[in-house]
>>> print(open('coords15.cif').read())   # mmCIF, C-alpha atoms and all ligand atoms
data_target
#
loop_
_atom_site.label_atom_id
_atom_site.label_comp_id
_atom_site.auth_asym_id
_atom_site.auth_seq_id
_atom_site.Cartn_x
_atom_site.Cartn_y
_atom_site.Cartn_z
CA MET F 17 -1.13 33.00 -16.17
CA ALA F 18 1.22 34.13 -13.46
CA ASP F 19 3.13 30.90 -13.77
CA GLU F 20 3.94 31.52 -17.38
CA GLN F 21 4.92 35.15 -16.94
CA GLN F 22 7.43 34.16 -14.30
CA CYS F 23 8.68 31.14 -16.18
CA ILE F 24 12.15 31.85 -17.50
CA PHE F 25 11.80 29.25 -20.20
CA CYS F 26 8.52 30.70 -21.48
CA ASN F 27 10.39 33.98 -21.81
CA ILE F 28 13.34 32.34 -23.53
CA ALA F 29 11.00 30.46 -25.86
CA SER F 30 9.15 33.65 -26.81
CA GLY F 31 12.37 35.58 -27.27
CA LYS F 32 11.68 38.05 -24.42
CA ILE F 33 14.83 36.80 -22.76
CA PRO F 34 17.55 36.84 -25.39
CA ALA F 35 19.29 33.59 -26.19
CA LYS F 36 21.30 32.16 -29.05
CA SER F 37 18.42 30.79 -31.03
CA VAL F 38 19.39 28.38 -33.79
CA TYR F 39 15.83 27.62 -34.87
CA SER F 40 12.42 29.02 -34.08
CA ASP F 41 8.87 28.59 -35.36
CA ASP F 42 5.37 29.13 -34.01
CA LYS F 43 5.59 26.17 -31.63
CA VAL F 44 9.19 25.88 -30.47
CA ASN F 45 12.43 27.72 -29.98
CA ALA F 46 15.78 25.92 -30.10
CA VAL F 47 18.52 27.79 -28.24
CA LEU F 48 22.05 27.05 -27.16
CA ASP F 49 22.32 26.05 -23.51
CA ILE F 50 24.25 28.64 -21.52
CA ASN F 51 25.74 25.84 -19.43
CA PRO F 52 26.39 23.33 -22.17
CA ALA F 53 27.52 19.75 -21.72
CA SER F 54 29.43 20.25 -24.97
CA ASP F 55 29.74 22.90 -27.68
CA GLY F 56 26.51 23.13 -29.59
CA HIS F 57 24.29 21.76 -26.80
CA ILE F 58 20.77 22.75 -27.81
CA LEU F 59 17.66 23.16 -25.68
CA LEU F 60 14.51 22.60 -27.67
CA ILE F 61 11.82 24.49 -25.76
CA PRO F 62 8.10 24.45 -26.51
CA LYS F 63 6.56 27.94 -26.58
CA LYS F 64 3.54 26.64 -24.72
CA HIS F 65 4.12 26.33 -20.97
CA VAL F 66 4.09 22.64 -20.12
CA MET F 67 5.97 21.06 -17.27
CA LEU F 68 5.87 17.44 -18.31
CA MET F 69 5.95 15.60 -21.59
CA ALA F 70 2.49 14.13 -21.07
CA GLN F 71 1.00 17.63 -20.96
CA MET F 72 1.90 18.28 -24.57
CA ASP F 73 -0.78 17.64 -27.13
CA ASP F 74 0.10 15.09 -29.77
CA GLU F 75 0.72 17.71 -32.42
CA LEU F 76 3.29 19.51 -30.29
CA ALA F 77 4.89 16.24 -29.20
CA SER F 78 5.31 15.09 -32.78
CA HIS F 79 6.58 18.51 -33.82
CA MET F 80 9.20 18.34 -31.06
CA GLY F 81 10.25 14.93 -32.34
CA MET F 82 10.48 16.11 -35.91
CA ILE F 83 12.47 19.23 -35.04
CA SER F 84 14.82 17.29 -32.77
CA LYS F 85 15.56 15.04 -35.71
CA GLN F 86 16.52 18.08 -37.85
CA LEU F 87 18.57 19.63 -35.04
CA SER F 88 20.37 16.38 -34.44
CA HIS F 89 21.13 16.02 -38.13
CA SER F 90 22.46 19.54 -38.46
CA LEU F 91 24.69 19.14 -35.40
CA ILE F 92 26.28 16.10 -36.99
CA ARG F 93 26.70 17.86 -40.33
CA SER F 94 27.85 21.26 -39.17
CA LEU F 95 29.95 20.42 -36.14
CA LYS F 96 31.20 17.07 -37.45
CA VAL F 97 30.44 15.39 -34.18
CA ASP F 98 30.38 11.63 -33.85
CA GLY F 99 26.89 11.39 -32.43
CA VAL F 100 24.14 13.14 -30.54
CA SER F 101 22.43 12.39 -27.25
CA ILE F 102 18.80 13.36 -26.87
CA PHE F 103 17.89 13.80 -23.24
CA VAL F 104 14.85 14.79 -21.21
CA ALA F 105 14.57 15.10 -17.45
CA ASN F 106 10.83 14.46 -17.14
CA GLY F 107 9.79 14.99 -13.53
CA PRO F 108 11.79 15.84 -10.41
CA ALA F 109 12.79 12.23 -9.83
CA ALA F 110 14.46 12.29 -13.24
CA GLY F 111 16.45 15.37 -12.31
CA GLN F 112 14.11 18.01 -13.71
CA ARG F 113 14.80 21.37 -12.11
CA ALA F 114 13.06 23.85 -14.35
CA PRO F 115 9.27 24.09 -14.31
CA HIS F 116 9.11 23.98 -18.13
CA PHE F 117 9.59 20.96 -20.36
CA MET F 118 12.66 20.96 -22.59
CA LEU F 119 14.55 18.52 -24.70
CA HIS F 120 18.34 18.51 -24.70
CA ILE F 121 20.20 17.73 -27.90
CA ILE F 122 23.81 17.18 -26.98
CA PRO F 123 26.63 16.76 -29.51
CA ARG F 124 28.88 13.81 -28.65
CA LYS F 125 32.43 12.90 -29.49
CA LYS F 126 34.02 9.53 -29.07
CA ALA F 127 35.34 9.11 -25.53
CA ASP F 128 33.90 12.40 -24.32
CA GLU F 129 33.28 12.46 -20.61
CA ILE F 130 29.57 13.12 -20.78
CA ALA F 131 27.95 10.47 -18.62
CA LEU F 132 24.49 9.81 -19.99
CA ALA F 133 24.62 6.04 -20.10
CA PRO F 134 22.22 4.58 -17.57
CA PRO F 135 23.64 1.90 -15.32
CA ALA F 136 22.67 -1.66 -16.18
CA VAL F 137 21.40 -3.26 -13.03
CA LYS F 138 20.27 -6.77 -12.31
CA VAL F 139 16.56 -6.86 -11.69
CA ASP F 140 14.31 -9.51 -10.30
CA SER F 141 12.84 -11.20 -13.35
CA ALA F 142 9.37 -11.62 -11.87
CA LEU F 143 9.22 -7.92 -11.05
CA ASN F 144 10.49 -7.09 -14.48
CA THR F 145 7.79 -9.24 -16.06
CA ALA F 146 5.16 -7.60 -13.87
CA ALA F 147 6.40 -4.20 -15.01
CA TYR F 148 6.28 -5.37 -18.63
CA LYS F 149 2.65 -6.44 -18.30
CA LYS F 150 1.52 -3.27 -16.53
CA LEU F 151 3.26 -1.15 -19.10
CA ALA F 152 1.87 -3.04 -22.08
CA VAL F 153 -1.69 -2.87 -20.73
CA SER F 154 -1.39 0.83 -19.94
CA LEU F 155 0.03 1.60 -23.37
CA ALA F 156 -2.66 -0.38 -25.11
CA LYS F 157 -5.24 1.67 -23.24
CA LEU F 158 -3.56 4.99 -24.03
CA THR F 159 -3.08 4.21 -27.71
CA GLY F 160 -6.31 2.28 -28.25
CA LYS F 161 -4.51 -0.86 -29.38
CA GLU F 162 -4.77 -4.47 -28.36
CA PRO F 163 -2.36 -5.44 -25.59
CA PRO F 164 0.04 -8.24 -26.48
CA SER F 165 -0.94 -11.71 -25.33
CA PHE F 166 1.14 -12.58 -22.32
CA ASP F 167 2.53 -16.02 -22.87
CA ASP F 168 5.67 -17.32 -21.26
CA LYS F 169 7.79 -16.05 -24.09
CA SER F 170 8.36 -12.95 -22.02
CA LYS F 171 10.63 -14.93 -19.77
CA GLY F 172 14.28 -14.84 -20.55
CA GLU F 173 14.18 -11.33 -21.90
CA GLU F 174 15.88 -10.08 -18.82
CA LYS F 175 19.19 -11.55 -19.83
CA LYS F 176 20.40 -8.76 -22.09
CA ASP F 177 22.05 -5.50 -21.05
CA GLU F 178 24.99 -6.85 -19.16
CA LYS F 179 27.19 -3.96 -20.18
CA LYS F 180 28.90 -2.00 -17.52
CA SER F 181 28.51 1.68 -17.17
CA GLU F 182 29.49 4.14 -14.56
CA PRO F 183 26.67 5.10 -12.23
CA LYS F 184 28.95 7.35 -10.21
CA SER F 185 28.76 10.43 -12.38
CA GLU F 186 25.07 10.00 -12.86
CA SER F 187 23.81 12.45 -10.31
CA LYS F 188 26.18 15.10 -11.54
CA GLN F 189 24.91 14.64 -15.04
CA ASP F 190 21.30 14.66 -13.99
CA ALA F 191 21.79 17.93 -12.26
CA LYS F 192 23.67 19.41 -15.15
CA PRO F 193 21.03 20.18 -17.75
CA ALA F 194 19.05 22.52 -15.53
CA PRO F 195 20.42 25.98 -16.12
CA LYS F 196 21.31 28.11 -13.15
CA GLN F 197 18.82 30.77 -14.09
CA ASP F 198 15.98 29.03 -12.32
CA GLY F 199 17.64 29.72 -9.00
CA LYS F 200 15.22 32.56 -8.52
CA SER F 201 12.10 30.55 -8.98
CA ASP F 202 10.33 29.07 -6.05
CA LYS F 203 11.49 25.49 -6.23
CA GLY F 204 9.22 24.36 -3.44
CA SER F 205 6.03 25.39 -5.16
CA PHE F 206 7.32 24.25 -8.52
CA LYS F 207 8.03 20.86 -7.09
CA SER F 208 4.68 20.49 -5.42
CA SER F 209 2.83 21.59 -8.53
CA LEU F 210 4.85 19.11 -10.56
CA ASP F 211 4.00 16.45 -8.04
CA GLU F 212 0.33 17.35 -8.36
CA ILE F 213 0.51 16.99 -12.11
CA THR F 214 2.31 13.71 -11.74
CA ASP F 215 -0.41 12.50 -9.39
CA PHE F 216 -3.04 13.65 -11.83
CA LEU F 217 -1.37 11.77 -14.66
CA MET F 218 -0.97 8.71 -12.47
CA GLY F 219 -4.66 8.84 -11.64
CA GLY F 220 -5.44 7.75 -15.16
CA LYS F 221 -4.21 4.26 -14.50
CA LYS F 222 -4.86 1.74 -11.84
ZN ZN K 301 7.18 28.07 -19.08
#
>>> encode(input="coords15.cif", output="structure tokens")
Amino acid sequence: MADEQQCIFCNIASGKIPAKSVYSDDKVNAVLDINPASDGHILLIPKKHVMLMAQMDDELASHMGMISKQLSHSLIRSLKVDGVSIFVANGPAAGQRAPHFMLHIIPRKKADEIALAPPAVKVDSALNTAAYKKLAVSLAKLTGKEPPSFDDKSKGEEKKDEKKSEPKSESKQDAKPAPKQDGKSDKGSFKSSLDEITDFLMGGKK
């Protein structure tokens, strides 16, 4: 497919574009980000061209999860970092810039300046409960399980998460993970095709 031949991340994943690969197998390639948030910042890239997480089959999705666990563990062991952030920009609204799904594994140190903490905002509790119900029903459908019974226990769950975080640096951080290389790609058509896929995925629910 033309899309895949032009996709920088397909070419990085396959090794056609050289990168510092720390791990590779038949499904994924894990390379160091050339614009890292911190030393050792890994991009785990599926070799199959998918734009969004939901386009991965279950086998690939679980493989990504399993490998990210190993990568995370080895970052902690080898670089003696204090923690690891695992980050995905899934869709343009989430800050995705590249037309190829990738998972960021970012080594963290105490008090580093990497702003990945989402802001805790006050939400309307009725809206939050409505979101909870929609989500639970949709997930039950997707996974073939029984939805939870919605009694009034769900009230009062909105109280937690009072902690403050700094929303200011958020947009900077969102923009960060997308490497500069994709400057050449046609962002307009990438964005509209992503939007089409998003619409398609949305079509599955009411
Ligand atoms: Zn690709």
>>> residues_near_ligand(input="coords15.cif", ligand="ligand ZN 301 (chain K)", cutoff="8 Å", atoms="only C-alpha atoms and all ligand atoms", output="PyMOL selection string")
chain F and resi 19-27+63-67+115-117
>>> atom_distance(input="coords15.cif", atom1="CA of Thr145 (chain F)", atom2="CA of Leu158 (chain F)")
19.9 Å
>>> closest_residue(input="coords15.cif", among="F:Asp73, F:Ser90, F:Leu210, F:Ala152", to="Arg113 (chain F)", atoms="only C-alpha atoms")
F:Leu210
>>> closest_residue(input="coords15.cif", among="F:His57, F:Lys43, F:His79, F:Lys36", to="Arg124 (chain F)", atoms="only C-alpha atoms")
F:His57
>>> closest_atom_pairs(input="coords15.cif", of="region 31-70 of chain F", to="region 128-133 of chain F", cutoff="12 Å", atoms="all atoms listed in the file", output="Markdown table")
| residue | atom | partner | partner_atom | distance |
| --- | --- | --- | --- | --- |
| F:Pro52 | CA | F:Ile130 | CA | 10.8 |
| F:Ala53 | CA | F:Ile130 | CA | 7.0 |
| F:Ser54 | CA | F:Ile130 | CA | 8.3 |
| F:Asp55 | CA | F:Asp128 | CA | 11.8 |
| F:His57 | CA | F:Ile130 | CA | 11.8 |
>>> residues_around(input="coords15.cif", residues="Ala77 (chain F)", least_positions_apart="6", cutoff="12 Å", atoms="only C-alpha atoms", output="compact mmCIF listing (two decimals) with C-alpha atoms, in the frame of the given file")
# COMPACT_ATOMS: atom_id res chain seq x y z
CA LYS F 43 5.59 26.17 -31.63
CA VAL F 44 9.19 25.88 -30.47
CA LEU F 60 14.51 22.60 -27.67
CA ILE F 61 11.82 24.49 -25.76
CA PRO F 62 8.10 24.45 -26.51
CA LYS F 64 3.54 26.64 -24.72
CA VAL F 66 4.09 22.64 -20.12
CA LEU F 68 5.87 17.44 -18.31
CA MET F 69 5.95 15.60 -21.59
CA ALA F 70 2.49 14.13 -21.07
CA GLN F 71 1.00 17.63 -20.96
CA ILE F 83 12.47 19.23 -35.04
CA SER F 84 14.82 17.29 -32.77
CA PHE F 117 9.59 20.96 -20.36
CA MET F 118 12.66 20.96 -22.59
CA LEU F 119 14.55 18.52 -24.70
>>> closest_residue(input="coords15.cif", among="F:Pro108, F:Ala29, F:Asp74, F:Asn144", to="Leu59 (chain F)", atoms="only C-alpha atoms")
F:Ala29
>>> atom_distance(input="coords15.cif", atom1="CA of Asp41 (chain F)", atom2="CA of Gly107 (chain F)")
25.7 Å
